[in-house]
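Presented below is the structure to which this report refers.
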Amino acid sequence: MSTLAYDGGAMLGRQLRRIRNNPGLLILTQTMPITMLLFFGYVFGSALAMPGEEYRSFLVPGLLVATAANGIMTGMFQAAQDTHRGVMDRLRTLPMSRAAVPLGQAAADLVVTAAGTVPFLLVGLAVGWRIEGSAADAAGAVALLLLFRFATTWIGIFLGLLTRSEEAAGQLGGATFVLPLLSNAYIPTDGLPGWLRTIAEWNPISAVTTALRDLFGNAPVPQDAAWPVAHPVAGSLMWCAVLIAVFAPLAVRRYGRGEG
């Protein structure tokens, strides 16, 4: 375990230096959620039954979770890039734990996400969103959000190691934008057709979004929804545990196998 912690810390430092040396991508990924908040909040908000500020309070937790789900895209692209350029092959020859490289990538992504959440929340406060719950509940909401980001990053790392192509990862990563659309991140699900509502409510994004709205005090928990949404905190923890338990070992195994 101490070897994994030391090697993982070294890989964490590598990933952070990599991000620092690519400030354009960092700025883009950090400003995109804010741009979406302003666009969705003021353009879509005027077309919905909710008044503007009420919709923006509804929207902020949804956009936070949608951004966390983008861990699939960023994890996939970074892992595919390193694999395509032969970096993974060189790292694999070093005497270090097999789990250290993907763990370092996931941990670095978590650090960047935590830092990027602060300006987003400040902009949310500026456009009318408020934390109506307790400070402890709000802290729990942020912790749950980061846990979900950590889980989705493992999905991306595995897929990136699997594709081994920057172009394929970029094209496949674009498809992840559909996931928040099939959830309650942007609109309530109670007006959807029955079959589509079922799909949306069993989407992990819906459970985490509902949990954040509940913990922030922005919206009540719907009682007639599917189990993960009707019990959002438990449902979110369940989804995060399942995703990490499945994709973290798959990513580590795939990294260890290399091209084979």
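Each chain in the structure tokens gets a letter, A, B and so on, in the order shown; residues start at 1 in every chain, and ligands are counted from 1 in the order they appear.
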
(message) At a cut-off of 6 Å, using only C-alpha atoms, what residues contact Ala106 of chain A? Leave out same-chain residues fewer than 3 positions from it and give the result as a ChimeraX atom specification.
(response) /A:103,109,153

(message) What's around Ala79 of chain A at 12 Å? Count only C-alpha atoms, leave out sequence neighbours fewer than 4 positions away in its own chain, and write the answer as a ChimeraX atom specification.
(response) /A:15,71-75,83-89,101-106,109,153-166,168-170,251-252,254-255

Since we have the selection now, will you write its residues out, keeping C-alpha atoms, as a PDB file, in the first residue's frame?
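Resulting contents of part.pdb:
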```pdb
ATOM      1  CA  GLN A  15      -0.487  14.689 -14.369  1.00  0.00           C
ATOM      2  CA  GLY A  71     -14.834  12.791 -16.340  1.00  0.00           C
ATOM      3  CA  ILE A  72     -15.578  10.042 -18.845  1.00  0.00           C
ATOM      4  CA  MET A  73     -14.480  12.261 -21.719  1.00  0.00           C
ATOM      5  CA  THR A  74     -11.390  13.779 -20.096  1.00  0.00           C
ATOM      6  CA  GLY A  75     -10.229  10.478 -18.616  1.00  0.00           C
ATOM      7  CA  THR A  83      -1.237   5.200 -24.989  1.00  0.00           C
ATOM      8  CA  HIS A  84      -1.160   6.411 -28.592  1.00  0.00           C
ATOM      9  CA  ARG A  85       2.080   8.326 -28.032  1.00  0.00           C
ATOM     10  CA  GLY A  86       3.822   5.431 -26.303  1.00  0.00           C
ATOM     11  CA  VAL A  87       3.953   7.068 -22.871  1.00  0.00           C
ATOM     12  CA  MET A  88       2.116   4.163 -21.257  1.00  0.00           C
ATOM     13  CA  ASP A  89       4.641   1.697 -22.676  1.00  0.00           C
ATOM     14  CA  VAL A 101      -0.573   5.336 -13.294  1.00  0.00           C
ATOM     15  CA  PRO A 102      -4.375   5.214 -13.645  1.00  0.00           C
ATOM     16  CA  LEU A 103      -4.769   6.182  -9.977  1.00  0.00           C
ATOM     17  CA  GLY A 104      -2.524   9.209 -10.444  1.00  0.00           C
ATOM     18  CA  GLN A 105      -4.554  10.304 -13.457  1.00  0.00           C
ATOM     19  CA  ALA A 106      -7.849   9.919 -11.572  1.00  0.00           C
ATOM     20  CA  ASP A 109      -8.468  15.021 -12.381  1.00  0.00           C
ATOM     21  CA  THR A 153     -12.974   9.245 -14.529  1.00  0.00           C
ATOM     22  CA  TRP A 154     -12.263   5.538 -14.048  1.00  0.00           C
ATOM     23  CA  ILE A 155     -14.758   4.768 -16.821  1.00  0.00           C
ATOM     24  CA  GLY A 156     -12.918   7.165 -19.105  1.00  0.00           C
ATOM     25  CA  ILE A 157      -9.478   5.794 -18.245  1.00  0.00           C
ATOM     26  CA  PHE A 158     -10.581   2.260 -19.061  1.00  0.00           C
ATOM     27  CA  LEU A 159     -12.172   3.302 -22.357  1.00  0.00           C
ATOM     28  CA  GLY A 160      -9.125   5.366 -23.287  1.00  0.00           C
ATOM     29  CA  LEU A 161      -6.783   2.439 -22.634  1.00  0.00           C
ATOM     30  CA  LEU A 162      -9.140   0.261 -24.634  1.00  0.00           C
ATOM     31  CA  THR A 163      -9.374   2.517 -27.706  1.00  0.00           C
ATOM     32  CA  ARG A 164      -5.655   3.517 -27.708  1.00  0.00           C
ATOM     33  CA  SER A 165      -6.484   6.234 -30.261  1.00  0.00           C
ATOM     34  CA  GLU A 166      -6.792   9.986 -29.695  1.00  0.00           C
ATOM     35  CA  ALA A 168     -11.441   7.526 -31.503  1.00  0.00           C
ATOM     36  CA  ALA A 169     -11.422   8.832 -27.940  1.00  0.00           C
ATOM     37  CA  GLY A 170     -12.346  12.312 -29.149  1.00  0.00           C
ATOM     38  CA  ALA A 251      -8.575   0.013 -15.996  1.00  0.00           C
ATOM     39  CA  VAL A 252      -5.699  -1.328 -13.896  1.00  0.00           C
ATOM     40  CA  ARG A 254      -5.974  -3.084 -19.055  1.00  0.00           C
ATOM     41  CA  TYR A 255      -2.978  -0.890 -18.254  1.00  0.00           C
TER      42      TYR A 255
END
```

(message) Given only C-alpha atoms as the basis, pick out the residue of A:Gly8, A:Ala114, A:Asp190, A:Leu237 nearest to Gln223 of chain A.
(response)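 Using only C-alpha atoms, Gln223 of chain A sits closest to A:Asp190.
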
Residues of segment 140-216 of chain A at most 12 Å from segment 232-235 of chain A: nearest atom pair and distance in Å, only C-alpha atoms, as CSV:
```
residue,atom,partner,partner_atom,distance
A:Gly140,CA,A:Val233,CA,9.7
A:Ala141,CA,A:Val233,CA,9.1
A:Ala143,CA,A:Val233,CA,11.4
A:Leu144,CA,A:Val233,CA,8.4
A:Leu145,CA,A:Val233,CA,10.9
A:Leu147,CA,A:Val233,CA,11.9
A:Phe148,CA,A:Val233,CA,11.6
A:Glu201,CA,A:Pro232,CA,10.4
A:Trp202,CA,A:Gly235,CA,9.5
A:Asn203,CA,A:Gly235,CA,10.4
A:Pro204,CA,A:Gly235,CA,8.1
A:Ile205,CA,A:Pro232,CA,10.3
A:Ser206,CA,A:Pro232,CA,8.4
A:Ala207,CA,A:Pro232,CA,4.9
A:Val208,CA,A:Pro232,CA,6.4
A:Thr209,CA,A:Pro232,CA,8.1
A:Thr210,CA,A:Pro232,CA,5.8
A:Ala211,CA,A:Pro232,CA,4.7
A:Leu212,CA,A:Val233,CA,8.4
A:Arg213,CA,A:Pro232,CA,9.5
A:Asp214,CA,A:Pro232,CA,8.2
A:Leu215,CA,A:Val233,CA,8.8
```

(request) May I have all residues of segment 6-254 of chain A that DSSP, computed from the backbone, assigns to helix (DSSP H, G or I), given as an MDAnalysis selection string? (result) chainID A and resid 6:20 23:47 52:69 71:84 87:92 100:126 135:163 166:181 194:201 204:216 227:230 232:254

Quick one: everything within 9 Å of Ile34 of chain A, counting only C-alpha atoms, minus sequence neighbours fewer than 6 positions away in the same chain. Send it as a PDB file with all heavy atoms, in the first residue's frame.
```
ATOM      1  N   LEU A  63     -25.996  21.094 -13.659  1.00  0.00           N
ATOM      2  CA  LEU A  63     -24.788  21.371 -14.426  1.00  0.00           C
ATOM      3  C   LEU A  63     -23.537  20.916 -13.698  1.00  0.00           C
ATOM      4  O   LEU A  63     -22.565  20.476 -14.323  1.00  0.00           O
ATOM      5  CB  LEU A  63     -24.692  22.866 -14.725  1.00  0.00           C
ATOM      6  CG  LEU A  63     -25.442  23.353 -15.972  1.00  0.00           C
ATOM      7  CD1 LEU A  63     -25.355  24.857 -16.090  1.00  0.00           C
ATOM      8  CD2 LEU A  63     -24.896  22.692 -17.226  1.00  0.00           C
ATOM      9  N   PRO A 119     -15.086  28.542  -8.818  1.00  0.00           N
ATOM     10  CA  PRO A 119     -15.603  29.655  -9.626  1.00  0.00           C
ATOM     11  C   PRO A 119     -16.999  29.391 -10.172  1.00  0.00           C
ATOM     12  O   PRO A 119     -17.803  30.320 -10.303  1.00  0.00           O
ATOM     13  CB  PRO A 119     -14.571  29.798 -10.754  1.00  0.00           C
ATOM     14  CG  PRO A 119     -13.809  28.526 -10.766  1.00  0.00           C
ATOM     15  CD  PRO A 119     -13.829  28.021  -9.378  1.00  0.00           C
ATOM     16  N   PHE A 120     -17.309  28.142 -10.463  1.00  0.00           N
ATOM     17  CA  PHE A 120     -18.657  27.831 -10.952  1.00  0.00           C
ATOM     18  C   PHE A 120     -19.698  28.158  -9.884  1.00  0.00           C
ATOM     19  O   PHE A 120     -20.745  28.749 -10.178  1.00  0.00           O
ATOM     20  CB  PHE A 120     -18.748  26.357 -11.344  1.00  0.00           C
ATOM     21  CG  PHE A 120     -20.093  25.954 -11.876  1.00  0.00           C
ATOM     22  CD1 PHE A 120     -20.395  26.082 -13.219  1.00  0.00           C
ATOM     23  CD2 PHE A 120     -21.075  25.466 -11.025  1.00  0.00           C
ATOM     24  CE1 PHE A 120     -21.643  25.729 -13.705  1.00  0.00           C
ATOM     25  CE2 PHE A 120     -22.321  25.110 -11.500  1.00  0.00           C
ATOM     26  CZ  PHE A 120     -22.609  25.241 -12.852  1.00  0.00           C
ATOM     27  N   VAL A 123     -20.206  31.913  -9.619  1.00  0.00           N
ATOM     28  CA  VAL A 123     -21.062  32.428 -10.696  1.00  0.00           C
ATOM     29  C   VAL A 123     -22.518  32.035 -10.440  1.00  0.00           C
ATOM     30  O   VAL A 123     -23.438  32.820 -10.682  1.00  0.00           O
ATOM     31  CB  VAL A 123     -20.581  31.910 -12.067  1.00  0.00           C
ATOM     32  CG1 VAL A 123     -21.559  32.314 -13.175  1.00  0.00           C
ATOM     33  CG2 VAL A 123     -19.197  32.454 -12.379  1.00  0.00           C
ATOM     34  N   GLY A 124     -22.726  30.815  -9.944  1.00  0.00           N
ATOM     35  CA  GLY A 124     -24.077  30.394  -9.601  1.00  0.00           C
ATOM     36  C   GLY A 124     -24.711  31.323  -8.571  1.00  0.00           C
ATOM     37  O   GLY A 124     -25.880  31.710  -8.693  1.00  0.00           O
TER      38      GLY A 124
END
```

(request) Between atom CA of Gly133 of chain A and atom CA of Ser57 of chain A, measure the distance and give it in Å to one decimal. (result) 12.7 Å

Got a sec: who's within 6 Å of segment 181-184 of chain A, counting only C-alpha atoms, leaving out chain neighbours fewer than 3 positions off, as a PDB file with N, CA, C and O atoms, in the first residue's frame?
```pdb
ATOM      1  N   VAL A 178     -24.597  13.303 -24.502  1.00  0.00           N
ATOM      2  CA  VAL A 178     -25.985  12.840 -24.523  1.00  0.00           C
ATOM      3  C   VAL A 178     -26.438  12.410 -23.129  1.00  0.00           C
ATOM      4  O   VAL A 178     -27.623  12.509 -22.796  1.00  0.00           O
ATOM      5  N   ILE A 187     -34.027  19.334 -16.969  1.00  0.00           N
ATOM      6  CA  ILE A 187     -35.479  19.458 -16.873  1.00  0.00           C
ATOM      7  C   ILE A 187     -36.010  18.400 -15.916  1.00  0.00           C
ATOM      8  O   ILE A 187     -35.380  17.343 -15.742  1.00  0.00           O
ATOM      9  N   PRO A 188     -37.160  18.631 -15.283  1.00  0.00           N
ATOM     10  CA  PRO A 188     -37.774  17.577 -14.459  1.00  0.00           C
ATOM     11  C   PRO A 188     -38.191  16.402 -15.340  1.00  0.00           C
ATOM     12  O   PRO A 188     -38.531  16.571 -16.518  1.00  0.00           O
ATOM     13  N   THR A 189     -38.188  15.208 -14.776  1.00  0.00           N
ATOM     14  CA  THR A 189     -38.530  14.015 -15.559  1.00  0.00           C
ATOM     15  C   THR A 189     -40.001  13.657 -15.493  1.00  0.00           C
ATOM     16  O   THR A 189     -40.434  12.758 -16.212  1.00  0.00           O
ATOM     17  N   ALA A 200     -34.328   7.785 -17.748  1.00  0.00           N
ATOM     18  CA  ALA A 200     -33.722   8.982 -17.159  1.00  0.00           C
ATOM     19  C   ALA A 200     -33.500   8.821 -15.656  1.00  0.00           C
ATOM     20  O   ALA A 200     -32.460   9.229 -15.122  1.00  0.00           O
ATOM     21  N   SER A 206     -29.044  11.334 -12.741  1.00  0.00           N
ATOM     22  CA  SER A 206     -30.285  11.778 -12.106  1.00  0.00           C
ATOM     23  C   SER A 206     -30.229  11.612 -10.595  1.00  0.00           C
ATOM     24  O   SER A 206     -30.678  12.489  -9.845  1.00  0.00           O
TER      25      SER A 206
END
```

(request) Calculate how many Å separate atom CA of Ala241 of chain A from atom CA of Arg98 of chain A, rounding to one decimal. (result) 21.2 Å

(request) Mind giving me the straight-line distance from atom CA of Ala5 of chain A to atom CA of Ala138 of chain A in Å, one decimal? (result)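 Interatomic distance, atom CA of Ala5 of chain A to atom CA of Ala138 of chain A: 29.3 Å.
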
(message) Which residues are near Thr31 of chain A? Cut-off 12 Å, only C-alpha atoms, ignore same chain within fewer than 5 positions. Put them as a list in words.
(response) Gly24, Leu25, Leu26, Met36, Leu37, Leu38, Thr67, Thr113, Gly116, Thr117, Val118, Pro119, Phe120 and Val123 of chain A

Residues from the last selection, all heavy atoms, saved as a JSON list (two decimals), in the first residue's frame:
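result_19.json, written as the output of this step:
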```json
[["chain", "number", "residue", "atom", "x", "y", "z"],
["A", 24, "GLY", "N", -4.41, 26.27, -22.12],
["A", 24, "GLY", "CA", -5.56, 26.52, -22.97],
["A", 24, "GLY", "C", -6.68, 25.52, -22.74],
["A", 24, "GLY", "O", -7.85, 25.89, -22.61],
["A", 25, "LEU", "N", -6.31, 24.25, -22.67],
["A", 25, "LEU", "CA", -7.30, 23.21, -22.42],
["A", 25, "LEU", "C", -7.89, 23.35, -21.03],
["A", 25, "LEU", "O", -9.09, 23.16, -20.82],
["A", 25, "LEU", "CB", -6.65, 21.83, -22.58],
["A", 25, "LEU", "CG", -7.56, 20.61, -22.35],
["A", 25, "LEU", "CD1", -8.72, 20.61, -23.34],
["A", 25, "LEU", "CD2", -6.76, 19.32, -22.46],
["A", 26, "LEU", "N", -7.04, 23.73, -20.07],
["A", 26, "LEU", "CA", -7.53, 23.90, -18.69],
["A", 26, "LEU", "C", -8.55, 25.03, -18.62],
["A", 26, "LEU", "O", -9.61, 24.88, -18.00],
["A", 26, "LEU", "CB", -6.35, 24.20, -17.77],
["A", 26, "LEU", "CG", -6.69, 24.44, -16.30],
["A", 26, "LEU", "CD1", -7.34, 23.20, -15.70],
["A", 26, "LEU", "CD2", -5.44, 24.82, -15.53],
["A", 36, "MET", "N", -22.24, 27.39, -20.07],
["A", 36, "MET", "CA", -23.49, 26.64, -20.16],
["A", 36, "MET", "C", -24.50, 27.12, -19.14],
["A", 36, "MET", "O", -25.70, 27.18, -19.42],
["A", 36, "MET", "CB", -23.21, 25.14, -19.98],
["A", 36, "MET", "CG", -22.41, 24.52, -21.11],
["A", 36, "MET", "SD", -22.06, 22.77, -20.85],
["A", 36, "MET", "CE", -23.72, 22.07, -20.89],
["A", 37, "LEU", "N", -24.03, 27.48, -17.94],
["A", 37, "LEU", "CA", -24.93, 27.99, -16.92],
["A", 37, "LEU", "C", -25.60, 29.27, -17.39],
["A", 37, "LEU", "O", -26.82, 29.45, -17.25],
["A", 37, "LEU", "CB", -24.17, 28.23, -15.62],
["A", 37, "LEU", "CG", -24.92, 28.97, -14.51],
["A", 37, "LEU", "CD1", -26.16, 28.18, -14.09],
["A", 37, "LEU", "CD2", -24.01, 29.21, -13.31],
["A", 38, "LEU", "N", -24.82, 30.19, -17.94],
["A", 38, "LEU", "CA", -25.39, 31.44, -18.41],
["A", 38, "LEU", "C", -26.33, 31.23, -19.59],
["A", 38, "LEU", "O", -27.39, 31.85, -19.67],
["A", 38, "LEU", "CB", -24.25, 32.40, -18.80],
["A", 38, "LEU", "CG", -23.31, 32.80, -17.66],
["A", 38, "LEU", "CD1", -22.17, 33.66, -18.18],
["A", 38, "LEU", "CD2", -24.07, 33.53, -16.56],
["A", 67, "THR", "N", -21.12, 18.26, -15.48],
["A", 67, "THR", "CA", -19.68, 18.50, -15.60],
["A", 67, "THR", "C", -18.88, 17.36, -14.99],
["A", 67, "THR", "O", -17.85, 16.94, -15.53],
["A", 67, "THR", "CB", -19.32, 19.83, -14.92],
["A", 67, "THR", "OG1", -20.07, 20.89, -15.50],
["A", 67, "THR", "CG2", -17.83, 20.13, -15.08],
["A", 113, "THR", "N", -10.84, 19.24, -10.77],
["A", 113, "THR", "CA", -12.29, 19.41, -10.68],
["A", 113, "THR", "C", -12.67, 20.18, -9.42],
["A", 113, "THR", "O", -13.53, 21.07, -9.44],
["A", 113, "THR", "CB", -12.99, 18.05, -10.69],
["A", 113, "THR", "OG1", -12.68, 17.36, -11.91],
["A", 113, "THR", "CG2", -14.50, 18.20, -10.57],
["A", 116, "GLY", "N", -11.93, 23.77, -9.96],
["A", 116, "GLY", "CA", -12.83, 24.38, -10.92],
["A", 116, "GLY", "C", -14.24, 24.54, -10.41],
["A", 116, "GLY", "O", -15.02, 25.35, -10.95],
["A", 117, "THR", "N", -14.61, 23.80, -9.37],
["A", 117, "THR", "CA", -15.95, 23.91, -8.82],
["A", 117, "THR", "C", -16.17, 25.25, -8.12],
["A", 117, "THR", "O", -17.29, 25.79, -8.12],
["A", 117, "THR", "CB", -16.21, 22.76, -7.82],
["A", 117, "THR", "OG1", -16.09, 21.51, -8.51],
["A", 117, "THR", "CG2", -17.61, 22.83, -7.23],
["A", 118, "VAL", "N", -15.11, 25.82, -7.57],
["A", 118, "VAL", "CA", -15.24, 27.07, -6.80],
["A", 118, "VAL", "C", -15.73, 28.23, -7.67],
["A", 118, "VAL", "O", -16.73, 28.88, -7.33],
["A", 118, "VAL", "CB", -13.90, 27.41, -6.12],
["A", 118, "VAL", "CG1", -14.00, 28.77, -5.41],
["A", 118, "VAL", "CG2", -13.53, 26.32, -5.13],
["A", 119, "PRO", "N", -15.09, 28.54, -8.82],
["A", 119, "PRO", "CA", -15.60, 29.66, -9.63],
["A", 119, "PRO", "C", -17.00, 29.39, -10.17],
["A", 119, "PRO", "O", -17.80, 30.32, -10.30],
["A", 119, "PRO", "CB", -14.57, 29.80, -10.75],
["A", 119, "PRO", "CG", -13.81, 28.53, -10.77],
["A", 119, "PRO", "CD", -13.83, 28.02, -9.38],
["A", 120, "PHE", "N", -17.31, 28.14, -10.46],
["A", 120, "PHE", "CA", -18.66, 27.83, -10.95],
["A", 120, "PHE", "C", -19.70, 28.16, -9.88],
["A", 120, "PHE", "O", -20.75, 28.75, -10.18],
["A", 120, "PHE", "CB", -18.75, 26.36, -11.34],
["A", 120, "PHE", "CG", -20.09, 25.95, -11.88],
["A", 120, "PHE", "CD1", -20.39, 26.08, -13.22],
["A", 120, "PHE", "CD2", -21.08, 25.47, -11.02],
["A", 120, "PHE", "CE1", -21.64, 25.73, -13.71],
["A", 120, "PHE", "CE2", -22.32, 25.11, -11.50],
["A", 120, "PHE", "CZ", -22.61, 25.24, -12.85],
["A", 123, "VAL", "N", -20.21, 31.91, -9.62],
["A", 123, "VAL", "CA", -21.06, 32.43, -10.70],
["A", 123, "VAL", "C", -22.52, 32.03, -10.44],
["A", 123, "VAL", "O", -23.44, 32.82, -10.68],
["A", 123, "VAL", "CB", -20.58, 31.91, -12.07],
["A", 123, "VAL", "CG1", -21.56, 32.31, -13.17],
["A", 123, "VAL", "CG2", -19.20, 32.45, -12.38]]
```

(request) Select, from A:Val127, A:Leu16, A:Ala226, A:Ala99, the residue with the minimum atom-to-atom distance to Tyr42 of chain A, counting only C-alpha atoms. (result)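 Answer, going by the shortest atom-to-atom distance: A:Val127.
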
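Proximity of A:Ala107, A:Ala80, A:Ala230, A:Met96 to Leu146 of chain A, computed with only C-alpha atoms, is greatest for A:Ala107.
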
(request) Check the smallest atom-to-atom distance from each of A:Ala151, A:Val221, A:Val111, A:Ile27 to Phe247 of chain A using only C-alpha atoms, then report the winner. (result) A:Ala151
